[in-house]
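Novice: Please find one structure pasted underneath; my questions will follow.
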Amino acid sequence: MRAERRTLRALEEEARRYGIPPRTLAERIIDEGVKVRRHPGIVFIEGGGGHRDAVLAGRPRLKVWMITQVVKGSRSHAEAAKYLSTTEDWIDRAMVYARDYPEEIEQAIRENEEAFERVKRLYPPAFPRARRPRRAARSR
């Protein structure tokens with residue numbers, strides 16, 4: 001592919017900023033660009049750990065992988081939309097994206113679960129163990 005010099009300079013500057021080769025950054029930009037064009041309403045933001053997350057446009061805290069988790073635990077898209085304070089249309093958009101990129105979504109879910117387990121190991125007092133209810137004393 002060819003690009004203008006100013007575009008290539010900007011790409012090189014951005015790649016230096018992230019500490020990755022320009023070719024790698026260009027591939028990521030193209031990949032995200034194609035996904036955004038195919039899925040209106042889905043955009044990408046910087047996530048933790050150097051990766052980027054697919055989110056609802058205008059709702060950057062609603063990551064597509066999180067929405068899929070809520071939908072799995074809900075009876076309907078309407079219930080999930082109400083819980084997330086959004087509309088069914090946005091839920092539908094997120095689920096279409098998730099259907100088209102299941103490996104990406106499953107990887108994000110795994111990474112989140114792994115991070116949660118690391119935090120639990122590092123800060124056990126923040127996660128008290130559930131106490132077992134005491135059994136009623138038996139009468140003799």
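Just remember, in the structure tokens the first chain shown is A, the second B, etc., residues are 1-based per chain, and ligands are 1-based in the order shown.
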Extract the full set of alpha helix (DSSP H) residues from stretch 6-53 of chain A according to DSSP on the backbone, and format it as a ChimeraX atom specification.
Specialist: /A:6-18,22-38
Novice: Please, could you write that set of residues out with N, CA and C atoms as a PDB file, in the first residue's frame?
Specialist:
ATOM      1  N   ARG A   6       3.295  12.689   4.692  1.00  0.00           N
ATOM      2  CA  ARG A   6       2.845  13.197   5.987  1.00  0.00           C
ATOM      3  C   ARG A   6       2.086  12.128   6.767  1.00  0.00           C
ATOM      4  N   THR A   7       1.353  11.267   6.050  1.00  0.00           N
ATOM      5  CA  THR A   7       0.648  10.169   6.710  1.00  0.00           C
ATOM      6  C   THR A   7       1.646   9.165   7.272  1.00  0.00           C
ATOM      7  N   LEU A   8       2.677   8.851   6.510  1.00  0.00           N
ATOM      8  CA  LEU A   8       3.696   7.917   6.977  1.00  0.00           C
ATOM      9  C   LEU A   8       4.464   8.484   8.171  1.00  0.00           C
ATOM     10  N   ARG A   9       4.762   9.790   8.142  1.00  0.00           N
ATOM     11  CA  ARG A   9       5.439  10.417   9.288  1.00  0.00           C
ATOM     12  C   ARG A   9       4.570  10.351  10.533  1.00  0.00           C
ATOM     13  N   ALA A  10       3.296  10.647  10.366  1.00  0.00           N
ATOM     14  CA  ALA A  10       2.380  10.584  11.505  1.00  0.00           C
ATOM     15  C   ALA A  10       2.277   9.153  12.045  1.00  0.00           C
ATOM     16  N   LEU A  11       2.253   8.181  11.159  1.00  0.00           N
ATOM     17  CA  LEU A  11       2.206   6.783  11.559  1.00  0.00           C
ATOM     18  C   LEU A  11       3.473   6.410  12.334  1.00  0.00           C
ATOM     19  N   GLU A  12       4.618   6.833  11.852  1.00  0.00           N
ATOM     20  CA  GLU A  12       5.883   6.537  12.540  1.00  0.00           C
ATOM     21  C   GLU A  12       5.925   7.191  13.915  1.00  0.00           C
ATOM     22  N   GLU A  13       5.468   8.437  14.019  1.00  0.00           N
ATOM     23  CA  GLU A  13       5.432   9.123  15.319  1.00  0.00           C
ATOM     24  C   GLU A  13       4.526   8.388  16.299  1.00  0.00           C
ATOM     25  N   GLU A  14       3.356   8.000  15.820  1.00  0.00           N
ATOM     26  CA  GLU A  14       2.402   7.301  16.680  1.00  0.00           C
ATOM     27  C   GLU A  14       2.953   5.938  17.101  1.00  0.00           C
ATOM     28  N   ALA A  15       3.594   5.246  16.181  1.00  0.00           N
ATOM     29  CA  ALA A  15       4.175   3.936  16.497  1.00  0.00           C
ATOM     30  C   ALA A  15       5.275   4.079  17.550  1.00  0.00           C
ATOM     31  N   ARG A  16       6.099   5.112  17.440  1.00  0.00           N
ATOM     32  CA  ARG A  16       7.147   5.361  18.453  1.00  0.00           C
ATOM     33  C   ARG A  16       6.506   5.606  19.814  1.00  0.00           C
ATOM     34  N   ARG A  17       5.423   6.365  19.812  1.00  0.00           N
ATOM     35  CA  ARG A  17       4.728   6.676  21.060  1.00  0.00           C
ATOM     36  C   ARG A  17       4.261   5.409  21.775  1.00  0.00           C
ATOM     37  N   TYR A  18       3.832   4.421  21.008  1.00  0.00           N
ATOM     38  CA  TYR A  18       3.353   3.169  21.584  1.00  0.00           C
ATOM     39  C   TYR A  18       4.439   2.098  21.672  1.00  0.00           C
ATOM     40  N   PRO A  22       5.868   0.545  13.011  1.00  0.00           N
ATOM     41  CA  PRO A  22       4.825   1.222  12.223  1.00  0.00           C
ATOM     42  C   PRO A  22       3.915   0.244  11.472  1.00  0.00           C
ATOM     43  N   ARG A  23       4.471  -0.829  10.967  1.00  0.00           N
ATOM     44  CA  ARG A  23       3.658  -1.806  10.224  1.00  0.00           C
ATOM     45  C   ARG A  23       2.594  -2.420  11.143  1.00  0.00           C
ATOM     46  N   THR A  24       2.982  -2.747  12.370  1.00  0.00           N
ATOM     47  CA  THR A  24       2.039  -3.324  13.328  1.00  0.00           C
ATOM     48  C   THR A  24       0.915  -2.341  13.619  1.00  0.00           C
ATOM     49  N   LEU A  25       1.275  -1.082  13.850  1.00  0.00           N
ATOM     50  CA  LEU A  25       0.254  -0.062  14.107  1.00  0.00           C
ATOM     51  C   LEU A  25      -0.649   0.112  12.894  1.00  0.00           C
ATOM     52  N   ALA A  26      -0.081   0.140  11.702  1.00  0.00           N
ATOM     53  CA  ALA A  26      -0.885   0.288  10.485  1.00  0.00           C
ATOM     54  C   ALA A  26      -1.887  -0.860  10.356  1.00  0.00           C
ATOM     55  N   GLU A  27      -1.456  -2.081  10.647  1.00  0.00           N
ATOM     56  CA  GLU A  27      -2.360  -3.231  10.580  1.00  0.00           C
ATOM     57  C   GLU A  27      -3.498  -3.086  11.584  1.00  0.00           C
ATOM     58  N   ARG A  28      -3.183  -2.620  12.799  1.00  0.00           N
ATOM     59  CA  ARG A  28      -4.226  -2.424  13.814  1.00  0.00           C
ATOM     60  C   ARG A  28      -5.219  -1.353  13.382  1.00  0.00           C
ATOM     61  N   ILE A  29      -4.701  -0.260  12.828  1.00  0.00           N
ATOM     62  CA  ILE A  29      -5.564   0.831  12.386  1.00  0.00           C
ATOM     63  C   ILE A  29      -6.488   0.364  11.262  1.00  0.00           C
ATOM     64  N   ILE A  30      -5.948  -0.390  10.327  1.00  0.00           N
ATOM     65  CA  ILE A  30      -6.764  -0.896   9.220  1.00  0.00           C
ATOM     66  C   ILE A  30      -7.815  -1.868   9.747  1.00  0.00           C
ATOM     67  N   ASP A  31      -7.402  -2.775  10.634  1.00  0.00           N
ATOM     68  CA  ASP A  31      -8.335  -3.748  11.207  1.00  0.00           C
ATOM     69  C   ASP A  31      -9.487  -3.034  11.912  1.00  0.00           C
ATOM     70  N   GLU A  32      -9.167  -2.081  12.776  1.00  0.00           N
ATOM     71  CA  GLU A  32     -10.212  -1.340  13.488  1.00  0.00           C
ATOM     72  C   GLU A  32     -11.073  -0.547  12.520  1.00  0.00           C
ATOM     73  N   GLY A  33     -10.453   0.057  11.524  1.00  0.00           N
ATOM     74  CA  GLY A  33     -11.204   0.848  10.549  1.00  0.00           C
ATOM     75  C   GLY A  33     -12.239   0.014   9.810  1.00  0.00           C
ATOM     76  N   VAL A  34     -11.858  -1.186   9.423  1.00  0.00           N
ATOM     77  CA  VAL A  34     -12.789  -2.081   8.734  1.00  0.00           C
ATOM     78  C   VAL A  34     -13.932  -2.465   9.674  1.00  0.00           C
ATOM     79  N   LYS A  35     -13.593  -2.795  10.918  1.00  0.00           N
ATOM     80  CA  LYS A  35     -14.628  -3.176  11.886  1.00  0.00           C
ATOM     81  C   LYS A  35     -15.606  -2.031  12.147  1.00  0.00           C
ATOM     82  N   VAL A  36     -15.092  -0.824  12.269  1.00  0.00           N
ATOM     83  CA  VAL A  36     -15.946   0.351  12.521  1.00  0.00           C
ATOM     84  C   VAL A  36     -16.868   0.600  11.329  1.00  0.00           C
ATOM     85  N   ARG A  37     -16.366   0.424  10.124  1.00  0.00           N
ATOM     86  CA  ARG A  37     -17.209   0.621   8.940  1.00  0.00           C
ATOM     87  C   ARG A  37     -18.287  -0.451   8.838  1.00  0.00           C
ATOM     88  N   ARG A  38     -17.951  -1.674   9.230  1.00  0.00           N
ATOM     89  CA  ARG A  38     -18.925  -2.765   9.167  1.00  0.00           C
ATOM     90  C   ARG A  38     -19.943  -2.705  10.302  1.00  0.00           C
TER      91      ARG A  38
END
Novice: Can you pull out the residues contacting stretch 39-48 of chain A? Cut-off 9 Å, using only C-alpha atoms, and skip same-chain residues under 2 positions away; I want them as number ranges by chain.
Specialist: A: 32-37, 50-58, 60, 64, 90, 93-94, 96-97
Novice: Take the residues just selected and output them with N, CA and C atoms as a PDB file, in the first residue's frame.
Specialist:
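Done, and the output landed in result.pdb:
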ATOM      1  N   GLU A  32      -9.167  -2.081  12.776  1.00  0.00           N
ATOM      2  CA  GLU A  32     -10.212  -1.340  13.488  1.00  0.00           C
ATOM      3  C   GLU A  32     -11.073  -0.547  12.520  1.00  0.00           C
ATOM      4  N   GLY A  33     -10.453   0.057  11.524  1.00  0.00           N
ATOM      5  CA  GLY A  33     -11.204   0.848  10.549  1.00  0.00           C
ATOM      6  C   GLY A  33     -12.239   0.014   9.810  1.00  0.00           C
ATOM      7  N   VAL A  34     -11.858  -1.186   9.423  1.00  0.00           N
ATOM      8  CA  VAL A  34     -12.789  -2.081   8.734  1.00  0.00           C
ATOM      9  C   VAL A  34     -13.932  -2.465   9.674  1.00  0.00           C
ATOM     10  N   LYS A  35     -13.593  -2.795  10.918  1.00  0.00           N
ATOM     11  CA  LYS A  35     -14.628  -3.176  11.886  1.00  0.00           C
ATOM     12  C   LYS A  35     -15.606  -2.031  12.147  1.00  0.00           C
ATOM     13  N   VAL A  36     -15.092  -0.824  12.269  1.00  0.00           N
ATOM     14  CA  VAL A  36     -15.946   0.351  12.521  1.00  0.00           C
ATOM     15  C   VAL A  36     -16.868   0.600  11.329  1.00  0.00           C
ATOM     16  N   ARG A  37     -16.366   0.424  10.124  1.00  0.00           N
ATOM     17  CA  ARG A  37     -17.209   0.621   8.940  1.00  0.00           C
ATOM     18  C   ARG A  37     -18.287  -0.451   8.838  1.00  0.00           C
ATOM     19  N   GLY A  50      -2.496  -2.203  27.354  1.00  0.00           N
ATOM     20  CA  GLY A  50      -2.017  -1.947  25.999  1.00  0.00           C
ATOM     21  C   GLY A  50      -2.899  -2.448  24.874  1.00  0.00           C
ATOM     22  N   HIS A  51      -4.059  -2.966  25.179  1.00  0.00           N
ATOM     23  CA  HIS A  51      -4.947  -3.386  24.095  1.00  0.00           C
ATOM     24  C   HIS A  51      -6.104  -2.406  23.963  1.00  0.00           C
ATOM     25  N   ARG A  52      -6.887  -2.574  22.906  1.00  0.00           N
ATOM     26  CA  ARG A  52      -8.003  -1.678  22.651  1.00  0.00           C
ATOM     27  C   ARG A  52      -9.296  -2.459  22.724  1.00  0.00           C
ATOM     28  N   ASP A  53     -10.332  -1.812  23.224  1.00  0.00           N
ATOM     29  CA  ASP A  53     -11.627  -2.457  23.406  1.00  0.00           C
ATOM     30  C   ASP A  53     -12.668  -1.874  22.472  1.00  0.00           C
ATOM     31  N   ALA A  54     -13.523  -2.748  21.948  1.00  0.00           N
ATOM     32  CA  ALA A  54     -14.689  -2.315  21.183  1.00  0.00           C
ATOM     33  C   ALA A  54     -15.741  -1.856  22.185  1.00  0.00           C
ATOM     34  N   VAL A  55     -16.258  -0.642  21.982  1.00  0.00           N
ATOM     35  CA  VAL A  55     -17.249  -0.054  22.880  1.00  0.00           C
ATOM     36  C   VAL A  55     -18.369   0.575  22.052  1.00  0.00           C
ATOM     37  N   LEU A  56     -19.449   0.923  22.731  1.00  0.00           N
ATOM     38  CA  LEU A  56     -20.517   1.657  22.057  1.00  0.00           C
ATOM     39  C   LEU A  56     -20.078   3.108  21.888  1.00  0.00           C
ATOM     40  N   ALA A  57     -20.288   3.657  20.711  1.00  0.00           N
ATOM     41  CA  ALA A  57     -19.950   5.056  20.454  1.00  0.00           C
ATOM     42  C   ALA A  57     -20.732   5.937  21.419  1.00  0.00           C
ATOM     43  N   GLY A  58     -20.064   6.843  22.069  1.00  0.00           N
ATOM     44  CA  GLY A  58     -20.717   7.729  23.016  1.00  0.00           C
ATOM     45  C   GLY A  58     -20.922   7.107  24.384  1.00  0.00           C
ATOM     46  N   PRO A  60     -18.328   4.958  26.194  1.00  0.00           N
ATOM     47  CA  PRO A  60     -17.056   4.226  26.255  1.00  0.00           C
ATOM     48  C   PRO A  60     -16.913   3.265  27.429  1.00  0.00           C
ATOM     49  N   VAL A  64     -18.105  -3.988  24.525  1.00  0.00           N
ATOM     50  CA  VAL A  64     -18.922  -5.027  23.897  1.00  0.00           C
ATOM     51  C   VAL A  64     -18.840  -6.334  24.684  1.00  0.00           C
ATOM     52  N   TRP A  90     -28.875  -0.471  20.746  1.00  0.00           N
ATOM     53  CA  TRP A  90     -27.439  -0.510  21.075  1.00  0.00           C
ATOM     54  C   TRP A  90     -27.019  -1.912  21.495  1.00  0.00           C
ATOM     55  N   ARG A  93     -26.673  -3.928  18.348  1.00  0.00           N
ATOM     56  CA  ARG A  93     -25.428  -3.601  17.633  1.00  0.00           C
ATOM     57  C   ARG A  93     -24.232  -4.309  18.262  1.00  0.00           C
ATOM     58  N   ALA A  94     -24.175  -4.267  19.581  1.00  0.00           N
ATOM     59  CA  ALA A  94     -23.060  -4.911  20.287  1.00  0.00           C
ATOM     60  C   ALA A  94     -23.078  -6.421  20.050  1.00  0.00           C
ATOM     61  N   VAL A  96     -24.344  -8.067  17.485  1.00  0.00           N
ATOM     62  CA  VAL A  96     -23.954  -8.377  16.100  1.00  0.00           C
ATOM     63  C   VAL A  96     -22.428  -8.329  15.986  1.00  0.00           C
ATOM     64  N   TYR A  97     -21.821  -7.319  16.594  1.00  0.00           N
ATOM     65  CA  TYR A  97     -20.348  -7.240  16.600  1.00  0.00           C
ATOM     66  C   TYR A  97     -19.765  -8.484  17.276  1.00  0.00           C
TER      67      TYR A  97
END
Novice: Return the single residue from A:Leu62, A:Met95, A:Ala108, A:Ala126 that is closest to A:His77, with distances computed using only C-alpha atoms.
Specialist: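 Among the listed residues, A:Met95 lies closest to A:His77.
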Novice: What does the distance from atom CA of A:Thr68 to atom CA of A:Ala98 come to in Å, to one decimal?
Specialist: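 Here the two named atoms are 7.3 Å from each other.
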Novice: Between atom CA of A:Asn112 and atom CA of A:Pro21, measure the distance and give it in Å to one decimal.
Specialist: 26.5 Å
Novice: Calculate how many Å separate atom CA of A:Phe127 from atom CA of A:Trp65, rounding to one decimal.
Specialist: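 One can read the atom CA of A:Phe127 to atom CA of A:Trp65 distance as 23.6 Å.
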Novice: DSSP on the backbone, strand (DSSP E or B) only: what residues of chain A does that give? Format it as a list of chain:residue names.
Specialist: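 Answer for chain A restricted to strand (DSSP E or B) is A:Ile42, A:Val43, A:Phe44, A:Ile45, A:Glu46, A:Arg52, A:Asp53, A:Ala54, A:Val55, A:Leu56, A:Arg59, A:Pro60, A:Arg61, A:Leu62, A:Lys63.
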Novice: Out of A:Glu4, A:Glu106, A:Asp100, A:Asp92, which residue has the shortest atom-to-atom distance to A:Gln69 when counting only C-alpha atoms?
Specialist: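 With only C-alpha atoms as the atom set, the closest residue is A:Glu106.
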